[in-house]
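File shown: work_32.txt. Contents: compact mmCIF, C-alpha atoms.
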# COMPACT_ATOMS: atom_id res chain seq x y z
CA MET A 1 123.94 133.53 106.24
CA LYS A 2 123.12 130.82 103.76
CA LYS A 3 125.40 127.86 103.02
CA SER A 4 126.36 129.35 99.64
CA GLU A 5 127.50 132.56 101.32
CA LEU A 6 129.63 130.61 103.81
CA GLU A 7 131.21 128.59 100.99
CA ARG A 8 132.00 131.76 99.10
CA LEU A 9 133.64 133.27 102.20
CA LEU A 10 135.81 130.20 102.75
CA ILE A 11 136.90 130.05 99.12
CA GLU A 12 137.47 133.70 98.29
CA PRO A 13 140.73 135.42 99.25
CA GLY A 14 140.37 137.12 102.62
CA GLY A 15 137.07 135.36 103.34
CA ARG A 16 138.33 133.35 106.30
CA GLU A 17 139.71 136.52 107.87
CA THR A 18 136.27 138.12 107.49
CA VAL A 19 134.63 135.17 109.32
CA ALA A 20 137.27 135.34 112.07
CA ALA A 21 136.75 139.08 112.51
CA ARG A 22 132.98 138.59 112.71
CA SER A 23 133.46 135.85 115.34
CA GLU A 24 135.65 138.12 117.43
CA TYR A 25 133.11 140.93 117.17
CA LEU A 26 130.27 138.69 118.37
CA LYS A 27 132.42 137.32 121.19
CA GLN A 28 133.23 140.83 122.39
CA LYS A 29 129.65 142.03 122.05
CA TYR A 30 127.86 139.14 123.76
CA GLY A 31 130.64 137.84 125.99
CA MET A 32 130.05 134.28 124.83
CA THR A 33 132.48 131.50 124.13
CA GLY A 34 132.20 128.11 122.57
CA ALA A 35 132.02 126.60 126.05
CA THR A 36 128.79 128.43 126.91
CA ALA A 37 127.13 127.86 123.56
CA GLY A 38 125.54 124.75 122.18
CA GLU A 39 122.42 124.16 124.22
CA PRO A 40 119.06 124.99 122.62
CA ALA A 41 116.79 127.24 124.66
CA GLU A 42 113.05 127.76 124.94
CA ARG A 43 110.69 130.03 126.84
CA ALA A 44 106.96 130.63 127.20
CA ALA A 45 105.15 133.71 128.48
CA LEU A 46 101.64 135.04 129.01
CA PHE A 47 100.59 137.51 126.36
CA PRO A 48 100.78 140.95 127.91
CA ALA A 49 97.58 142.16 126.26
CA ALA A 50 94.69 139.74 126.40
CA PRO A 51 91.69 141.92 127.21
CA GLN A 52 89.22 139.14 126.45
CA SER A 53 90.59 137.02 129.28
CA ARG A 54 89.75 139.67 131.85
CA SER A 55 86.15 139.80 130.73
CA GLN A 56 85.50 136.11 131.37
CA THR A 57 82.91 135.54 134.04
CA ALA A 58 82.94 132.80 136.65
CA ARG A 59 80.17 131.06 134.70
CA GLU A 60 82.21 131.17 131.50
CA ILE A 61 85.21 129.72 133.29
CA ALA A 62 83.02 126.94 134.68
CA MET A 63 81.56 126.25 131.21
CA ASN A 64 84.89 126.15 129.43
CA ASP A 65 87.65 125.19 131.83
CA GLU A 66 86.06 122.94 134.43
CA ASP A 67 85.02 120.26 131.96
CA PHE A 68 87.35 117.45 132.98
CA VAL A 69 87.77 114.83 135.67
CA VAL A 70 91.29 114.01 136.81
CA ARG A 71 92.34 110.64 138.14
CA THR A 72 96.09 110.88 138.53
CA GLY A 73 97.60 107.91 140.30
CA ALA A 74 95.31 105.13 141.41
CA LEU A 75 93.70 106.01 144.71
CA VAL A 76 93.15 102.37 145.55
CA ASP A 77 93.50 102.97 149.25
CA LEU A 78 91.03 105.84 149.44
CA ALA A 79 88.60 103.76 151.47
CA ARG A 80 91.17 103.57 154.26
CA TYR A 81 90.34 107.19 155.06
CA VAL A 82 86.63 106.46 155.56
CA GLU A 83 86.03 105.60 159.20
CA ASP A 84 83.43 102.86 158.57
CA PHE A 85 85.59 101.05 156.03
CA ARG A 86 89.10 101.52 157.43
CA ASP A 87 89.78 97.89 158.24
CA THR A 88 87.61 96.36 155.53
CA GLN A 89 89.09 94.35 152.67
CA ALA A 90 88.27 95.32 149.09
CA ALA A 91 85.76 92.55 148.30
CA PRO A 92 83.56 92.97 151.41
CA LEU A 93 83.79 96.73 150.94
CA ALA A 94 82.63 96.43 147.34
CA LYS A 95 79.68 94.29 148.46
CA ALA A 96 78.74 96.83 151.14
CA LEU A 97 78.91 99.74 148.71
CA ILE A 98 76.95 97.90 146.02
CA GLY A 99 74.18 97.19 148.56
CA LYS A 100 74.19 100.78 149.76
CA PHE A 101 74.05 102.28 146.26
CA ARG A 102 71.21 100.01 145.19
CA GLU A 103 69.09 101.60 147.90
CA ALA A 104 70.12 105.24 147.58
CA LYS A 105 71.61 107.29 144.75
CA PRO A 106 75.34 107.77 145.41
CA SER A 107 77.08 111.13 145.42
CA PHE A 108 80.07 111.91 143.16
CA GLY A 109 82.42 111.13 146.07
CA GLU A 110 80.73 107.79 146.76
CA LEU A 111 80.97 106.87 143.07
CA ALA A 112 84.69 107.64 143.17
CA LEU A 113 85.01 105.46 146.29
CA LEU A 114 83.38 102.46 144.58
CA GLU A 115 85.49 103.04 141.47
CA ASN A 116 88.63 102.94 143.58
CA VAL A 117 87.50 99.76 145.30
CA ILE A 118 86.97 98.18 141.86
CA ASN A 119 90.50 99.25 140.94
CA SER A 120 91.93 97.76 144.07
CA LEU A 121 90.46 94.43 142.90
CA VAL A 122 91.27 94.51 139.19
CA SER A 123 94.75 96.00 139.47
CA GLN A 124 96.05 92.93 141.31
CA GLY A 125 95.79 90.65 138.29
CA GLU A 126 93.29 88.36 136.65
CA LEU A 127 90.20 87.84 138.79
CA ASP A 128 88.60 84.59 139.92
CA LYS A 129 84.93 84.10 139.01
CA PRO A 130 83.40 85.41 142.29
CA SER A 131 85.58 88.55 142.15
CA GLN A 132 84.75 89.11 138.48
CA ALA A 133 81.05 88.80 139.27
CA LEU A 134 81.47 91.36 142.03
CA VAL A 135 83.20 93.78 139.66
CA ASP A 136 80.43 93.29 137.09
CA GLN A 137 77.82 94.09 139.74
CA ALA A 138 79.74 97.18 140.80
CA ILE A 139 79.94 98.43 137.19
CA GLU A 140 76.22 97.81 136.80
CA VAL A 141 75.47 99.86 139.93
CA LEU A 142 77.72 102.67 138.71
CA ALA A 143 76.04 102.66 135.29
CA LYS A 144 72.65 103.25 136.88
CA ALA A 145 73.86 106.27 138.81
CA ASP A 146 73.18 108.65 135.93
CA ALA A 147 71.97 112.17 136.44
CA PRO A 148 70.29 114.44 133.88
CA ARG A 149 72.70 116.17 131.47
CA SER A 150 73.29 119.89 131.88
CA ARG A 151 75.05 120.63 128.61
CA GLY A 152 73.91 120.50 125.04
CA GLY A 153 70.35 119.70 125.93
CA ASP A 154 71.02 116.05 126.77
CA GLN A 155 68.16 115.23 129.09
CA MET B 1 78.85 106.58 136.01
CA SER B 2 77.94 107.18 132.40
CA ILE B 3 80.94 106.35 130.23
CA TRP B 4 83.47 103.86 131.48
CA THR B 5 86.48 101.96 130.28
CA ARG B 6 88.47 99.00 131.49
CA LEU B 7 92.00 98.68 130.16
CA TYR B 8 93.67 95.25 130.30
CA GLU B 9 97.29 94.23 130.45
CA HIS B 10 97.01 91.38 127.94
CA THR B 11 95.00 90.58 124.84
CA ASP B 12 91.56 88.96 125.27
CA TYR B 13 90.88 90.87 128.53
CA ARG B 14 93.46 88.99 130.53
CA GLY B 15 95.90 90.01 133.22
CA ARG B 16 95.66 93.01 135.50
CA SER B 17 93.38 95.86 134.51
CA THR B 18 92.27 99.31 135.52
CA PHE B 19 88.81 100.78 135.57
CA ALA B 20 87.85 104.44 135.06
CA SER B 21 84.57 106.24 134.55
CA LEU B 22 83.34 109.64 133.47
CA PRO B 23 80.43 110.30 135.82
CA GLY B 24 77.06 111.47 134.63
CA THR B 25 76.53 113.45 137.81
CA SER B 26 76.07 117.19 137.38
CA PRO B 27 78.00 119.29 136.40
CA VAL B 28 78.67 117.09 133.42
CA SER B 29 82.32 116.86 132.36
CA THR B 30 83.57 116.25 128.83
CA TYR B 31 86.91 114.59 129.54
CA LEU B 32 88.24 111.94 131.89
CA GLN B 33 92.02 112.11 132.05
CA ILE B 34 93.89 108.82 132.45
CA SER B 35 97.39 110.11 132.99
CA LYS B 36 100.72 108.35 132.77
CA SER B 37 100.91 108.48 136.58
CA TRP B 38 97.62 106.56 136.79
CA LEU B 39 98.79 103.91 134.35
CA SER B 40 102.17 103.64 136.09
CA ALA B 41 100.50 103.22 139.49
CA VAL B 42 98.65 100.15 138.25
CA ASN B 43 101.60 98.83 136.22
CA LEU B 44 99.86 99.39 132.89
CA HIS B 45 102.09 102.09 131.39
CA ASP B 46 103.06 100.79 127.92
CA ARG B 47 101.22 97.56 128.78
CA VAL B 48 97.61 97.97 127.63
CA SER B 49 96.62 95.35 125.02
CA SER B 50 92.81 95.11 125.14
CA PHE B 51 89.91 97.17 126.49
CA GLU B 52 86.21 97.54 127.06
CA LEU B 53 84.37 100.85 126.60
CA GLY B 54 80.80 101.34 127.75
CA ALA B 55 78.20 104.10 127.79
CA SER B 56 74.98 104.08 129.74
CA ALA B 57 71.63 104.48 128.00
CA ALA B 58 71.36 108.17 128.93
CA GLU B 59 74.51 109.03 126.98
CA GLN B 60 74.72 110.22 123.39
CA SER B 61 78.16 108.68 122.77
CA GLY B 62 81.50 108.05 124.38
CA ARG B 63 85.02 107.86 123.01
CA LEU B 64 88.20 106.25 124.25
CA ILE B 65 91.44 107.71 122.88
CA LEU B 66 94.77 106.02 123.58
CA PHE B 67 97.98 108.05 123.17
CA GLU B 68 101.52 106.95 122.54
CA HIS B 69 103.07 109.58 124.82
CA GLU B 70 102.15 111.19 128.11
CA ASN B 71 100.09 114.38 128.21
CA TYR B 72 97.94 113.15 125.29
CA ARG B 73 100.61 113.45 122.59
CA GLY B 74 102.18 111.35 119.86
CA ARG B 75 100.25 108.73 117.90
CA TYR B 76 96.67 108.11 118.89
CA ALA B 77 93.89 105.57 118.27
CA MET B 78 90.24 106.40 118.92
CA TRP B 79 87.08 104.31 119.33
CA SER B 80 83.51 105.32 120.05
CA VAL B 81 80.47 103.69 121.57
CA GLY B 82 76.75 104.52 121.43
CA PRO B 83 74.16 104.74 124.20
CA GLY B 84 73.67 101.61 126.26
CA ALA B 85 76.41 99.76 124.37
CA VAL B 86 79.73 98.16 125.29
CA LEU B 87 82.58 98.04 122.78
CA ARG B 88 85.18 95.32 123.26
CA ARG B 89 88.55 95.13 121.55
CA PRO B 90 90.42 91.89 122.35
CA ASN B 91 93.65 93.27 120.89
CA LEU B 92 95.04 96.51 119.49
CA THR B 93 97.08 94.96 116.69
CA ALA B 94 95.23 96.72 113.85
CA GLN B 95 96.15 100.08 115.34
CA SER B 96 99.71 98.97 116.25
CA PHE B 97 98.89 99.95 119.82
CA ASN B 98 99.59 96.81 121.86
CA ASP B 99 101.80 97.85 124.82
CA LYS B 100 102.09 101.43 123.51
CA THR B 101 99.71 103.48 125.67
CA SER B 102 101.18 106.18 127.89
CA SER B 103 98.02 108.23 128.48
CA ALA B 104 94.34 108.07 127.54
CA LEU B 105 91.19 110.17 127.47
CA VAL B 106 87.55 109.21 127.79
CA VAL B 107 85.45 111.82 125.98
CA ARG B 108 81.71 112.46 126.25
CA GLY B 109 79.62 113.20 123.14
CA PHE B 110 76.59 115.53 123.25
CA THR B 111 73.27 115.35 121.47
CA THR B 112 73.51 118.79 119.88
CA GLU B 113 77.16 118.76 118.89
CA MET B 114 78.30 119.62 115.38
CA GLY B 115 80.75 117.46 113.45
CA PRO B 116 84.47 117.91 114.19
CA ILE B 117 86.13 120.81 112.33
CA ALA B 118 89.84 120.29 111.56
CA LEU B 119 91.33 123.73 112.18
CA GLY B 120 94.52 123.49 110.09
CA ASP B 121 92.69 123.49 106.79
CA LEU B 122 89.87 125.78 107.87
CA GLY B 123 89.14 128.85 105.71
CA THR B 124 90.35 130.16 102.37
CA PRO B 125 93.27 130.66 102.48
CA THR B 126 93.73 128.01 105.14
CA LEU B 127 95.16 128.77 108.56
CA ARG B 128 98.43 127.09 107.55
CA GLN B 129 98.67 129.21 104.38
CA GLN B 130 97.98 132.40 106.32
CA ILE B 131 100.73 131.55 108.81
CA ALA B 132 103.20 130.81 105.98
CA ALA B 133 102.38 134.15 104.31
CA THR B 134 102.82 136.04 107.60
CA VAL B 135 106.21 134.42 108.28
CA THR B 136 107.41 135.07 104.73
CA ALA B 137 106.49 138.75 105.07
CA THR B 138 108.48 139.12 108.32
CA PRO B 139 112.03 140.50 107.89
CA ASN B 140 114.84 138.05 108.77
CA LEU B 141 112.44 135.09 109.06
CA SER B 142 111.64 132.37 106.58
CA PRO B 143 109.45 129.24 106.93
CA ARG B 144 111.13 125.91 107.70
CA GLY B 145 108.34 123.53 106.70
CA SER B 146 104.62 123.78 107.39
CA ALA B 147 103.21 125.06 110.66
CA ILE B 148 102.07 122.35 113.07
CA ILE B 149 98.56 122.98 114.31
CA THR B 150 97.78 120.71 117.23
CA TRP B 151 96.54 120.81 120.82
CA ASP B 152 98.13 121.32 124.20
CA MET B 153 95.78 119.89 126.80
CA TRP B 154 96.05 121.30 130.30
CA PRO B 155 99.71 122.42 130.05
CA SER B 156 101.65 122.86 133.28
CA PHE B 157 101.62 126.67 133.02
CA SER B 158 97.82 126.73 132.68
CA PRO B 159 96.53 123.39 133.99
CA SER B 160 92.80 124.11 133.78
CA ARG B 161 92.81 125.08 130.09
CA LYS B 162 93.00 123.28 126.79
CA TYR B 163 94.63 125.08 123.87
CA VAL B 164 94.96 125.08 120.13
CA TYR B 165 98.75 124.96 119.90
CA ILE B 166 100.50 126.38 116.84
CA ARG B 167 104.17 125.61 116.26
CA ILE B 168 105.79 127.52 113.42
CA PRO B 169 109.24 126.26 112.38
CA VAL B 170 111.34 129.11 111.05
CA VAL B 171 114.88 129.99 110.02
CA VAL B 172 116.22 133.19 111.56
CA ASP B 173 118.51 135.02 109.18
CA VAL B 174 121.48 136.50 111.06
CA PRO B 175 123.31 139.04 108.87
CA HIS B 176 126.96 138.06 108.27
CA TRP B 177 126.64 135.01 110.50
CA PHE B 178 125.09 131.53 110.43
CA ASP B 179 121.31 131.20 110.25
CA TYR B 180 119.51 129.66 113.22
CA ASP B 181 116.67 127.16 113.29
CA ALA B 182 113.91 128.29 115.61
CA GLU B 183 110.26 127.66 116.39
CA ILE B 184 107.57 130.19 117.28
CA ARG B 185 104.89 128.80 119.59
CA LEU B 186 101.40 130.18 120.05
CA TRP B 187 98.71 128.94 122.44
CA VAL B 188 95.23 130.00 121.30
CA TYR B 189 92.43 129.82 123.85
CA LEU B 190 88.90 129.28 122.51
CA TYR B 191 85.83 129.51 124.71
CA VAL B 192 82.07 130.00 124.64
CA ASP B 193 81.00 133.26 126.26
CA SER B 194 77.84 133.89 128.28
CA GLY B 195 76.18 135.15 125.09
CA HIS B 196 76.66 131.62 123.65
CA LYS B 197 79.20 132.71 121.03
CA VAL B 198 82.66 131.23 120.44
CA ARG B 199 85.51 133.61 121.22
CA GLY B 200 89.24 133.16 121.10
CA TYR B 201 92.52 134.91 121.61
CA LEU B 202 96.24 134.35 121.90
CA ASN B 203 96.82 133.49 125.53
CA TRP B 204 100.46 132.33 125.68
CA TYR B 205 103.41 132.56 123.34
CA GLY B 206 106.90 131.19 123.29
CA ALA B 207 109.89 130.25 121.18
CA TRP B 208 112.60 127.63 120.84
CA VAL B 209 116.02 128.34 119.33
CA GLU B 210 118.72 125.84 118.42
CA GLY B 211 121.99 125.88 120.32
CA GLY B 212 124.75 128.31 119.33
CA ILE B 213 126.52 131.38 120.60
CA LEU B 214 123.60 133.60 119.61
CA THR B 215 120.83 131.37 121.03
CA GLY B 216 119.99 133.61 123.98
CA LYS B 217 120.10 136.77 121.91
CA ILE B 218 117.80 135.37 119.23
CA LEU B 219 115.40 133.96 121.83
CA ASP B 220 115.20 137.36 123.54
CA ARG B 221 114.51 139.04 120.24
CA LEU B 222 111.79 136.60 119.19
CA MET B 223 110.10 136.88 122.59
CA SER B 224 110.12 140.66 122.35
CA GLU B 225 108.79 140.76 118.78
CA ILE B 226 106.04 138.10 118.89
CA PRO B 227 103.62 140.20 121.03
CA ALA B 228 103.58 142.88 118.31
CA ALA B 229 101.85 140.37 116.02
CA ALA B 230 99.14 139.52 118.58
CA GLY B 231 96.65 142.09 117.29
CA GLN B 232 96.84 140.74 113.74
CA ILE B 233 96.52 137.11 114.88
CA ASN B 234 93.61 137.89 117.23
CA ALA B 235 91.83 139.64 114.36
CA MET B 236 92.40 136.55 112.20
CA ILE B 237 90.91 134.32 114.93
CA SER B 238 87.85 136.57 115.35
CA GLU B 239 87.25 136.60 111.61
CA ALA B 240 87.42 132.80 111.41
CA LEU B 241 85.01 132.41 114.35
CA GLU B 242 82.45 134.74 112.78
CA MET B 243 81.72 131.95 110.31
CA VAL B 244 80.47 129.63 113.05
CA ASN B 245 78.82 132.22 115.27
CA ILE B 246 75.60 132.20 113.29
CA PHE B 247 74.60 129.54 115.84
CA ASP B 248 74.40 129.69 119.63
CA PHE B 249 76.64 127.34 121.58
CA VAL B 250 76.86 125.96 125.11
CA GLY B 251 80.29 124.37 124.93
CA LEU B 252 83.23 123.23 122.88
CA TYR B 253 85.83 120.52 123.05
CA TYR B 254 88.68 119.12 120.99
CA LEU B 255 89.53 115.82 119.36
CA PRO B 256 93.06 114.92 118.28
CA GLY B 257 94.32 115.29 114.71
CA THR B 258 91.66 115.32 112.05
CA ALA B 259 89.41 113.23 114.33
CA ALA B 260 90.22 110.18 112.17
CA PRO B 261 90.20 106.81 114.01
CA THR B 262 94.01 106.77 114.04
CA GLY B 263 96.67 109.38 113.42
CA ARG B 264 99.11 111.69 115.10
CA VAL B 265 98.24 114.49 117.48
CA ASP B 266 100.49 116.79 115.43
CA ASP B 267 98.44 116.13 112.26
CA ASP B 268 95.91 118.80 113.26
CA VAL B 269 93.35 119.56 115.98
CA SER B 270 89.60 119.21 115.55
CA LEU B 271 87.09 121.48 117.22
CA VAL B 272 83.67 120.16 118.24
CA LEU B 273 81.06 122.82 118.96
CA VAL B 274 78.04 121.97 121.09
CA LYS B 275 74.99 123.92 119.97
CA ALA B 276 72.28 125.28 122.23
CA TRP B 277 68.82 124.07 121.34

Take the structure in this file and express it as structure tokens.
Amino acid sequence: MKKSELERLLIEPGGRETVAARSEYLKQKYGMTGATAGEPAERAALFPAAPQSRSQTAREIAMNDEDFVVRTGALVDLARYVEDFRDTQAAPLAKALIGKFREAKPSFGELALLENVINSLVSQGELDKPSQALVDQAIEVLAKADAPRSRGGDQ
Amino acid sequence: MSIWTRLYEHTDYRGRSTFASLPGTSPVSTYLQISKSWLSAVNLHDRVSSFELGASAAEQSGRLILFEHENYRGRYAMWSVGPGAVLRRPNLTAQSFNDKTSSALVVRGFTTEMGPIALGDLGTPTLRQQIAATVTATPNLSPRGSAIITWDMWPSFSPSRKYVYIRIPVVVDVPHWFDYDAEIRLWVYLYVDSGHKVRGYLNWYGAWVEGGILTGKILDRLMSEIPAAAGQINAMISEALEMVNIFDFVGLYYLPGTAAPTGRVDDDVSLVLVKAW
């Protein structure tokens, strides 16, 4: 019902009675009152017929859906779970990891460990010169840990 | 590490900071998510005022995108860096982004990628025009402004997928009663199949209805009627994708809005297709 129609109903003789009768009808039909109305509502659902989704292979899923890295919450204390480093402070740990990664290519997990150690240093506030130099070295080591691309022909 | 960023609390790279990298180790990922929870954990939510962005020499390019809201929504500002370079921004004043960031993405570029395609204005008639015509032709529905064509990245109901998200504001005509504002929501999933072609289909749907005594009834009705339109919309998607499938692809990803340096996520969504050799 457009605004003009409502205005016409309120102005014309008998119009208000028509609105009241319609209200009563809706109340009876849907069992609703003013007290239960008012809140907007929303819903989402999976399309019942999506045949293409069933035909996706594991390789397609890997190509399309597993293309992101998640870092939710800073895992600055991750190193505490590594036996060798449990009681080590961030700066000595960073030095140890930098030395290790200069000699052997780090794995994805080891890269994440060094990244978290860097975060444990930089998240505390502005760094003094020795700490900043350590962070720069760590970033340099991480930058050299590239592997050949596997998408789009980047080799 | 291949593409990295360091976000600082204050201008001129001062104060606390956080470091994040998108590794170059295989399998290569396109996105690094820097969520609101990450920023909150390091006390940088709504506090980032300068940054560094670097890419190693083996990379084609890297982008940093800052977002006003969590889950990669709201206003955004985007910067890119080339191989072996470091981009430094001592303040975010020009983008009005000092102390505004609630989430961020680091995005990898690929050697064989095509330029971004803004989907809202794709085709003749455009996607927006086709949606408006479809709504107008539906009994008891009329458009309430233009459709919003945007993205929904890794939504909670499907956290491994990124979607083209279409929100269609409508007015539902209720005979002999007040009209209701509503919104029809469609989540379109695009992917590259093992034959290297881009495919897509409607994966999720939904609706929002304003509050009133008929809210539930109208929501039920919309949810029951939207699936009937799936066939038509899927056909429309397939037809649009035929235009690009003259090439072979190995991947796709999205950029926010029209892929302009600044804008709003709701402006549009841009598709980047990565070609095979």

| message | Just want the 10 Å neighbourhood of Gly251 of chain B, counted on only C-alpha atoms, with same-chain residues fewer than 2 positions away dropped. Output as a PyMOL selection string. | response | (chain A and resi 60+63-64+67+151-152) or (chain B and resi 30+110+113+191-193+196-198+248-249+253+272-276)

| query | Tyr76 of chain B: which residues within 7 Å, counting all atoms listed in the file, same-chain residues fewer than 5 positions away excluded, as a list in words? | reply |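 Counting only the stated atoms, we get Ile65, Leu66, Phe67, Glu68, Thr262, Gly263, Arg264 and Val265 of chain B.
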
Within 6 Å of chain A, which residues of chain B show up? Give each one with its shortest atom-to-atom distance in Å (one decimal) and the two atoms involved, counting all atoms listed in the file, rows by chain then rising residue number, as a tab-separated table.
residue	atom	partner	partner_atom	distance
B:Met1	CA	A:Ala143	CA	4.9
B:Ser2	CA	A:Ala143	CA	5.7
B:Gly15	CA	A:Glu126	CA	4.6
B:Arg16	CA	A:Gly125	CA	3.7
B:Ser17	CA	A:Ser123	CA	5.1
B:Thr18	CA	A:Asn119	CA	5.7
B:Phe19	CA	A:Asn119	CA	5.8
B:Gly24	CA	A:Asp146	CA	5.0
B:Thr25	CA	A:Ala147	CA	4.9
B:Ser29	CA	A:Asp67	CA	4.4
B:Thr30	CA	A:Asp67	CA	5.3
B:Tyr31	CA	A:Phe68	CA	4.5
B:Leu32	CA	A:Val69	CA	4.8
B:Gln33	CA	A:Val70	CA	5.2
B:Ser35	CA	A:Thr72	CA	5.7
B:Ser37	CA	A:Gly73	CA	5.0
B:Trp38	CA	A:Gly73	CA	3.8
B:Ala41	CA	A:Gly73	CA	5.6
B:Val42	CA	A:Ser123	CA	5.8
B:Ser56	CA	A:Ala143	CA	5.8
B:Phe110	CA	A:Gly152	CA	5.9
B:Thr111	CA	A:Asp154	CA	5.8
B:Thr112	CA	A:Gly152	CA	5.5
B:Ser160	CA	A:Asp65	CA	5.6
B:Arg161	CA	A:Asp65	CA	5.4
B:His176	CA	A:Met1	CA	5.8
B:Trp177	CA	A:Met1	CA	5.3
B:Phe178	CA	A:Met1	CA	4.8
B:Asp179	CA	A:Met1	CA	5.3
B:Tyr191	CA	A:Asn64	CA	5.9
B:Asp193	CA	A:Glu60	CA	5.8
B:Asn203	CA	A:Phe47	CA	5.6
B:Trp204	CA	A:Leu46	CA	4.5
B:Tyr205	CA	A:Ala45	CA	5.5
B:Gly206	CA	A:Ala44	CA	4.0
B:Ala207	CA	A:Glu42	CA	5.5
B:Trp208	CA	A:Glu42	CA	4.1
B:Val209	CA	A:Ala41	CA	5.5
B:Glu210	CA	A:Pro40	CA	4.3
B:Gly211	CA	A:Pro40	CA	3.8
B:Gly212	CA	A:Gly38	CA	4.6
B:Ile213	CA	A:Ala37	CA	4.6
B:Val274	CA	A:Gly152	CA	5.9
B:Ala276	CA	A:Gly152	CA	5.8

| task | Find, counting all atoms listed in the file, the residue in B:Tyr13, B:Phe51, B:Phe157, B:Trp151 that gets nearest to Leu255 of chain B. | result |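 Nearest to Leu255 of chain B: B:Trp151.
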
As AutoDock Vina command-line options: centre and edge lengths in Å, one decimal, of the axis-aligned box holding segment 139-145 of chain B with 8 Å per side:
--center_x 111.6 --center_y 132.0 --center_z 107.8 --size_x 22.5 --size_y 33.0 --size_z 18.5

| task | Identify the residues around (77.3, 107.7, 122.6) within a radius of 7 Å, measuring from only C-alpha atoms in the coordinates stated by the file, and give them as a list in words. | result |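 Within 7 Å of (77.3, 107.7, 122.6), the protein and nucleic acid residues are Ala55, Glu59, Gln60, Ser61, Gly62, Val81, Gly82, Pro83 and Gly109 of chain B.
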
| By how many Å are atom CA of Leu141 of chain B and atom CA of Ile168 of chain B apart? | 11.0 Å

| query | In Å to one decimal, how far is atom CA of Pro155 of chain B from atom CA of Glu52 of chain B? | reply |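 Interatomic distance, atom CA of Glu52 of chain B to atom CA of Pro155 of chain B: 28.5 Å.
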
| task | Give as JSON, numbers by chain every residue, naming chains and numbers as the document does, that has an atom within 9 Å of (106.2, 128.3, 115.4), counting all atoms listed in the file. | result | {"B": [147, 148, 166, 167, 168, 169, 170, 182, 183, 184, 185, 186, 206, 207, 208]}

| request: Rounded to one decimal place, report the atom CA of Thr258 of chain B-atom CA of Ile233 of chain B distance in Å. | output: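 Here the two named atoms are 22.5 Å from each other.
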